[in-house]
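The structure under discussion appears below in the form of structure tokens.
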2 protein chains.
Amino acid sequence: MAADLDETLVFQPRLDAQGLIPAIVTDAGDGRVLMFAHMNEEALRLTRATGLAHFWSRSRQTLWKKGETSGETLRVVSILTDCDQDVLQLIVRPEGRGAACHTGRRSCFYRRLEGDSLTLVDDLRLFDPAKTY
Amino acid sequence: MAADLDETLVFQPRLDAQGLIPAIVTDAGDGRVLMFAHMNEEALRLTRATGLAHFWSRSRQTLWKKGETSGETLRVVSILTDCDQDVLQLIVRPEGRGAACHTGRRSCFYRRLEGDSLTLVDDLRLFDPAKTY
């Protein structure tokens with residue numbers, strides 16, 4: 001089965017036991033990883049139908065149109081799948097102010113491990129989260 | 001708690017109920033997403049101690065040094081964490097032949113969704129998987 005999944009051109013995303021598939025979101029401009037979230041079948045369907053990224057919030061247990069509250073929608077340019085079709089990569093053009101992270105930063109990945117602690121590698125806030133959420 | 005996790009410089013990775021944290025692996029050269037896997041505490045410890053990526057295989061239920069069989073080790077340049085510290089990004093320099101994917105391709109993300117089916121966006125094989133595994 002694994003070899004089939006590797007080489008097939010049939011799109012058959014494999015959802016986990018909770019009906020979810022992880023999605024890595026990268027910027028179409030420079031390839032930077034912006035965020036990571038999960039999709040269920042409906043989030044994937046809506047993403048494909050509207051061209052805007054939708055996810056499933058595991059903490060709130062709700063379908064979630066990215067940017068619905070903040071305006072930081074993500075326009076999907078391409079969807080890639082990995083070799084065994086249990087992870088997706090969404091290549092997007094950020095809209096709004098270009099801050100995919102709820103902290104107001106462009107990316108959720110703004111801290112790097114240095115020794116035993118973290119260092120900020122990006123502290124530019126494109127919006128004030130206190131005024132947005 | 002969420003706001004603390006967002007801004008703290010204390011590294012406190014949040015493992016899930018299975019003791020795992022997802023890791024997105026990107027190429028230090030051009031930022032391309034190469035693969036996606038999970039780490040447990042020991043995989044993270046070994047990765048930090050050796051500078052080579054280690055993961056936890058959920059299918060085999062074993063610790064896994066990436067490249068142990070294939071020679072396709074991944075030298076870790078940086079480790080980033082996301083805003084709520086439940087996802088890691090490993091920025092790596094691929095060693096060996098530079099094929100992070102077990103199919104012999106540079107990246108596991110070599111197919112793009114076009115309409116309802118997949119299109120190969122990268123079919124260059126850097127090794128023959130039949131001879132490697």
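Ligands are numbered from 1 in the order shown, residues from 1 within each chain, and chains are lettered A, B, ... in the order they appear in the structure tokens.
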
Using only C-alpha atoms, what table do you get, as a Markdown table, when you list each residue of chain B with an atom no more than 9 Å from chain A, its nearest pair of atoms, and their distance in Å rounded to one decimal, rows by chain then rising number?
```
| residue | atom | partner | partner_atom | distance |
| --- | --- | --- | --- | --- |
| B:Ala3 | CA | A:Thr103 | CA | 8.8 |
| B:Asp6 | CA | A:Thr103 | CA | 7.4 |
| B:Glu7 | CA | A:Thr103 | CA | 8.9 |
| B:Thr8 | CA | A:Leu118 | CA | 7.9 |
| B:Leu9 | CA | A:Leu118 | CA | 4.5 |
| B:Val10 | CA | A:Ser117 | CA | 5.2 |
| B:Phe11 | CA | A:Ser117 | CA | 5.2 |
| B:Gln12 | CA | A:Ser117 | CA | 8.9 |
| B:Ile24 | CA | A:Ile24 | CA | 7.7 |
| B:Thr26 | CA | A:Val33 | CA | 8.6 |
| B:Asp30 | CA | A:Gly31 | CA | 7.9 |
| B:Gly31 | CA | A:Gly31 | CA | 5.9 |
| B:Arg32 | CA | A:Gly31 | CA | 6.4 |
| B:Val33 | CA | A:Val33 | CA | 8.2 |
| B:Met35 | CA | A:Asp82 | CA | 7.7 |
| B:Phe36 | CA | A:Val87 | CA | 7.6 |
| B:Ser78 | CA | A:Arg112 | CA | 6.8 |
| B:Ile79 | CA | A:Leu113 | CA | 5.5 |
| B:Leu80 | CA | A:Arg112 | CA | 4.3 |
| B:Thr81 | CA | A:Phe109 | CA | 5.6 |
| B:Asp82 | CA | A:Phe109 | CA | 4.4 |
| B:Cys83 | CA | A:Cys108 | CA | 5.2 |
| B:Asp84 | CA | A:Cys108 | CA | 8.5 |
| B:Val87 | CA | A:Phe36 | CA | 7.6 |
| B:Leu88 | CA | A:Phe109 | CA | 8.2 |
| B:Gln89 | CA | A:Phe109 | CA | 7.6 |
| B:Cys101 | CA | A:Cys83 | CA | 7.8 |
| B:His102 | CA | A:Cys83 | CA | 8.5 |
| B:Thr103 | CA | A:Asp6 | CA | 7.4 |
| B:Ser107 | CA | A:Asp82 | CA | 8.3 |
| B:Cys108 | CA | A:Asp82 | CA | 4.9 |
| B:Phe109 | CA | A:Asp82 | CA | 4.4 |
| B:Tyr110 | CA | A:Asp82 | CA | 6.9 |
| B:Arg111 | CA | A:Leu80 | CA | 5.5 |
| B:Arg112 | CA | A:Leu80 | CA | 4.3 |
| B:Leu113 | CA | A:Ile79 | CA | 5.5 |
| B:Glu114 | CA | A:Ser78 | CA | 8.3 |
| B:Asp116 | CA | A:Phe11 | CA | 6.8 |
| B:Ser117 | CA | A:Val10 | CA | 5.2 |
| B:Leu118 | CA | A:Leu9 | CA | 4.5 |
| B:Thr119 | CA | A:Leu9 | CA | 6.4 |
| B:Leu120 | CA | A:Leu9 | CA | 7.8 |
```

Please dump the current selection as a tab-separated table (two decimals), in the first residue's frame; keep N, CA and C atoms.
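Printed below is result-v4.tsv as written:
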```
chain	number	residue	atom	x	y	z
B	3	ALA	N	-0.79	33.10	26.30
B	3	ALA	CA	0.02	34.31	26.10
B	3	ALA	C	1.43	34.10	26.63
B	6	ASP	N	3.41	32.16	24.20
B	6	ASP	CA	3.71	32.98	23.02
B	6	ASP	C	4.97	33.80	23.18
B	7	GLU	N	5.17	34.32	24.40
B	7	GLU	CA	6.22	35.33	24.56
B	7	GLU	C	7.41	34.87	25.39
B	8	THR	N	7.28	33.75	26.06
B	8	THR	CA	8.39	33.31	26.90
B	8	THR	C	9.61	32.94	26.05
B	9	LEU	N	10.77	33.11	26.66
B	9	LEU	CA	12.00	32.62	26.02
B	9	LEU	C	12.48	31.34	26.70
B	10	VAL	N	11.61	30.77	27.53
B	10	VAL	CA	11.88	29.46	28.12
B	10	VAL	C	11.38	28.40	27.14
B	11	PHE	N	12.26	27.49	26.80
B	11	PHE	CA	11.87	26.42	25.87
B	11	PHE	C	11.10	25.37	26.66
B	12	GLN	N	9.82	25.24	26.32
B	12	GLN	CA	8.97	24.28	27.03
B	12	GLN	C	8.06	23.58	26.01
B	24	ILE	N	8.44	19.93	11.51
B	24	ILE	CA	8.51	20.27	10.08
B	24	ILE	C	9.98	20.46	9.76
B	26	THR	N	12.86	21.69	7.21
B	26	THR	CA	13.08	22.53	6.03
B	26	THR	C	14.57	22.61	5.71
B	30	ASP	N	17.41	26.64	0.86
B	30	ASP	CA	16.36	27.39	0.16
B	30	ASP	C	15.01	27.38	0.89
B	31	GLY	N	14.97	26.80	2.07
B	31	GLY	CA	13.74	26.86	2.85
B	31	GLY	C	12.69	25.85	2.46
B	32	ARG	N	12.96	25.02	1.48
B	32	ARG	CA	11.94	24.07	1.04
B	32	ARG	C	11.58	23.08	2.15
B	33	VAL	N	10.29	22.76	2.26
B	33	VAL	CA	9.87	21.74	3.21
B	33	VAL	C	10.33	20.39	2.67
B	35	MET	N	10.41	17.27	4.76
B	35	MET	CA	9.65	16.16	5.33
B	35	MET	C	8.93	16.62	6.59
B	36	PHE	N	8.15	15.72	7.13
B	36	PHE	CA	7.39	15.98	8.35
B	36	PHE	C	7.42	14.70	9.16
B	78	SER	N	19.28	24.77	12.89
B	78	SER	CA	18.50	25.51	13.90
B	78	SER	C	17.23	24.74	14.21
B	79	ILE	N	16.73	24.97	15.40
B	79	ILE	CA	15.41	24.46	15.80
B	79	ILE	C	14.56	25.66	16.17
B	80	LEU	N	13.42	25.80	15.51
B	80	LEU	CA	12.47	26.87	15.85
B	80	LEU	C	11.26	26.24	16.53
B	81	THR	N	10.58	27.04	17.33
B	81	THR	CA	9.32	26.58	17.91
B	81	THR	C	8.22	27.53	17.49
B	82	ASP	N	6.99	27.03	17.46
B	82	ASP	CA	5.88	27.90	17.08
B	82	ASP	C	5.34	28.63	18.32
B	83	CYS	N	4.33	29.47	18.10
B	83	CYS	CA	3.87	30.37	19.15
B	83	CYS	C	3.45	29.63	20.41
B	84	ASP	N	2.72	28.53	20.29
B	84	ASP	CA	2.31	27.84	21.52
B	84	ASP	C	3.14	26.59	21.81
B	87	VAL	N	4.71	22.66	18.15
B	87	VAL	CA	5.26	22.24	16.85
B	87	VAL	C	6.69	22.75	16.78
B	88	LEU	N	7.58	21.95	16.20
B	88	LEU	CA	8.96	22.39	15.99
B	88	LEU	C	9.24	22.49	14.49
B	89	GLN	N	10.17	23.36	14.15
B	89	GLN	CA	10.70	23.39	12.78
B	89	GLN	C	12.20	23.13	12.88
B	101	CYS	N	13.50	12.15	1.27
B	101	CYS	CA	12.35	11.25	1.12
B	101	CYS	C	12.81	9.83	0.81
B	102	HIS	N	12.09	8.87	1.39
B	102	HIS	CA	12.46	7.45	1.18
B	102	HIS	C	12.25	7.01	-0.28
B	103	THR	N	11.56	7.84	-1.07
B	103	THR	CA	11.39	7.49	-2.49
B	103	THR	C	12.61	7.89	-3.32
B	107	SER	N	12.57	15.97	-1.49
B	107	SER	CA	11.51	16.30	-0.52
B	107	SER	C	10.38	15.29	-0.65
B	108	CYS	N	9.68	15.08	0.46
B	108	CYS	CA	8.48	14.22	0.42
B	108	CYS	C	7.31	14.91	-0.30
B	109	PHE	N	7.41	16.22	-0.48
B	109	PHE	CA	6.29	16.98	-1.06
B	109	PHE	C	6.56	17.21	-2.54
B	110	TYR	N	6.34	16.17	-3.33
B	110	TYR	CA	6.69	16.21	-4.74
B	110	TYR	C	5.46	16.13	-5.66
B	111	ARG	N	4.26	16.18	-5.07
B	111	ARG	CA	3.04	16.15	-5.88
B	111	ARG	C	2.11	17.28	-5.48
B	112	ARG	N	1.55	17.90	-6.50
B	112	ARG	CA	0.64	19.05	-6.31
B	112	ARG	C	-0.76	18.66	-6.76
B	113	LEU	N	-1.72	19.11	-6.02
B	113	LEU	CA	-3.12	18.88	-6.39
B	113	LEU	C	-3.49	19.82	-7.54
B	114	GLU	N	-3.96	19.22	-8.62
B	114	GLU	CA	-4.42	19.99	-9.79
B	114	GLU	C	-5.81	19.48	-10.11
B	116	ASP	N	-8.76	17.51	-9.47
B	116	ASP	CA	-9.02	16.42	-8.54
B	116	ASP	C	-7.91	15.39	-8.48
B	117	SER	N	-6.82	15.63	-9.20
B	117	SER	CA	-5.74	14.64	-9.14
B	117	SER	C	-4.40	15.32	-8.90
B	118	LEU	N	-3.37	14.51	-8.79
B	118	LEU	CA	-2.05	15.00	-8.44
B	118	LEU	C	-1.16	15.10	-9.67
B	119	THR	N	-0.27	16.06	-9.64
B	119	THR	CA	0.74	16.24	-10.69
B	119	THR	C	2.11	16.18	-10.03
B	120	LEU	N	3.05	15.48	-10.66
B	120	LEU	CA	4.40	15.45	-10.13
B	120	LEU	C	5.05	16.81	-10.34
```

Inset, instruction - Using backbone DSSP assignments, extract all strand (DSSP E or B) residues from range 21-133 of chain A; output them as a PyMOL selection string. - result: chain A and resi 21-27+33-39+52+54-57+62-65+74-81+88-94+111-114+117-120

Inset, instruction - In Å, rounded to a single decimal, give me how far CA of Ile91 in chain A is from CA of Arg14 in chain A. - result: 19.3 Å

Inset, instruction - Please provide as a ChimeraX atom specification all residues within 8 Å of Arg106 in chain A, with the sequence filter that same-chain residues fewer than 4 positions apart are discarded (counting only C-alpha atoms). - result: /A:34,98-101,124-126

Legend entry - Separation of CA of Arg60 in chain B from CA of Arg45 in chain B in Å: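 Computed distance, CA of Arg45 in chain B to CA of Arg60 in chain B, equals 19.6 Å.
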
What's around Glu72 in chain A at 7 Å? Count only C-alpha atoms, leave out sequence neighbours fewer than 2 positions away in its own chain, and write the answer as a short mmCIF file (atom, residue, chain, number, x, y, z; two decimals) with all heavy atoms, in the first residue's frame.
```cif
data_model
loop_
_atom_site.label_atom_id
_atom_site.label_comp_id
_atom_site.auth_asym_id
_atom_site.auth_seq_id
_atom_site.Cartn_x
_atom_site.Cartn_y
_atom_site.Cartn_z
N LYS A 66 -9.46 30.73 8.40
CA LYS A 66 -8.31 31.54 8.82
C LYS A 66 -8.53 32.99 8.42
O LYS A 66 -8.83 33.27 7.25
CB LYS A 66 -7.05 30.97 8.17
CG LYS A 66 -5.81 31.84 8.28
CD LYS A 66 -5.30 31.95 9.69
CE LYS A 66 -4.18 32.96 9.76
NZ LYS A 66 -3.97 33.46 11.12
N GLY A 67 -8.42 33.89 9.38
CA GLY A 67 -8.56 35.31 9.09
C GLY A 67 -9.97 35.84 9.28
O GLY A 67 -10.22 37.02 9.09
N SER A 70 -9.46 38.16 12.30
CA SER A 70 -8.33 39.09 12.19
C SER A 70 -8.23 39.77 10.83
O SER A 70 -7.54 40.78 10.69
CB SER A 70 -7.03 38.34 12.44
OG SER A 70 -6.83 37.35 11.42
N LEU A 74 -5.68 33.70 4.08
CA LEU A 74 -4.58 33.10 3.31
C LEU A 74 -5.12 32.58 1.99
O LEU A 74 -5.94 31.66 1.97
CB LEU A 74 -3.95 31.95 4.12
CG LEU A 74 -3.33 32.32 5.47
CD1 LEU A 74 -2.90 31.05 6.22
CD2 LEU A 74 -2.15 33.27 5.30
N PRO A 94 -0.39 35.43 1.82
CA PRO A 94 -1.11 36.05 2.93
C PRO A 94 -1.80 37.33 2.48
O PRO A 94 -1.24 38.10 1.69
CB PRO A 94 0.00 36.35 3.95
CG PRO A 94 1.12 35.41 3.59
CD PRO A 94 1.05 35.30 2.10
N GLU A 95 -3.01 37.55 2.97
CA GLU A 95 -3.73 38.78 2.67
C GLU A 95 -3.74 39.63 3.95
O GLU A 95 -2.94 39.39 4.85
CB GLU A 95 -5.13 38.42 2.19
CG GLU A 95 -5.06 37.58 0.89
CD GLU A 95 -6.41 37.19 0.32
OE1 GLU A 95 -7.35 36.99 1.11
OE2 GLU A 95 -6.50 37.08 -0.91
N GLY A 96 -4.61 40.58 4.05
CA GLY A 96 -4.63 41.44 5.24
C GLY A 96 -3.30 42.12 5.41
O GLY A 96 -2.69 42.60 4.45
N ARG A 97 -2.80 42.11 6.64
CA ARG A 97 -1.53 42.78 6.92
C ARG A 97 -0.34 41.83 6.79
O ARG A 97 0.80 42.20 7.05
CB ARG A 97 -1.59 43.39 8.32
CG ARG A 97 -2.61 44.53 8.39
CD ARG A 97 -3.18 44.72 9.78
NE ARG A 97 -4.01 43.57 10.18
CZ ARG A 97 -4.78 43.55 11.27
NH1 ARG A 97 -4.83 44.59 12.06
NH2 ARG A 97 -5.50 42.48 11.55
N GLY A 98 -0.64 40.59 6.43
CA GLY A 98 0.45 39.64 6.19
C GLY A 98 0.97 38.97 7.44
O GLY A 98 2.10 38.48 7.46
N ALA A 99 0.14 38.95 8.49
CA ALA A 99 0.55 38.32 9.74
C ALA A 99 -0.25 37.04 9.93
O ALA A 99 -1.41 37.09 10.35
CB ALA A 99 0.33 39.26 10.91
N ALA A 100 0.35 35.91 9.63
CA ALA A 100 -0.37 34.65 9.78
C ALA A 100 -0.52 34.27 11.25
O ALA A 100 -1.43 33.54 11.62
CB ALA A 100 0.34 33.53 9.02
#
```

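Closest to Phe55 in chain B among B:Ala130, B:Leu15, B:Ala28, B:Met39 is B:Met39, based on only C-alpha atoms.
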
Legend entry - Straight-line distance linking CA of Val76 in chain B with CA of Ala43 in chain B, stated in Å to one decimal: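 CA of Ala43 in chain B lies at a distance of 12.8 Å from CA of Val76 in chain B.
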
Inset, instruction - Using DSSP on the backbone, list every residue of chain A that comes out as helix (DSSP H, G or I), and give them as a list in words. - result: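 DSSP-assigned helix (DSSP H, G or I) residues in chain A: Ala2, Ala3, Asp4, Leu5, Asp6, Glu7, Glu41, Glu42, Ala43, Leu44, Arg45, Leu46, Thr47, Arg48, Ala49, Thr50, Pro129, Ala130, Lys131 and Thr132 of chain A.
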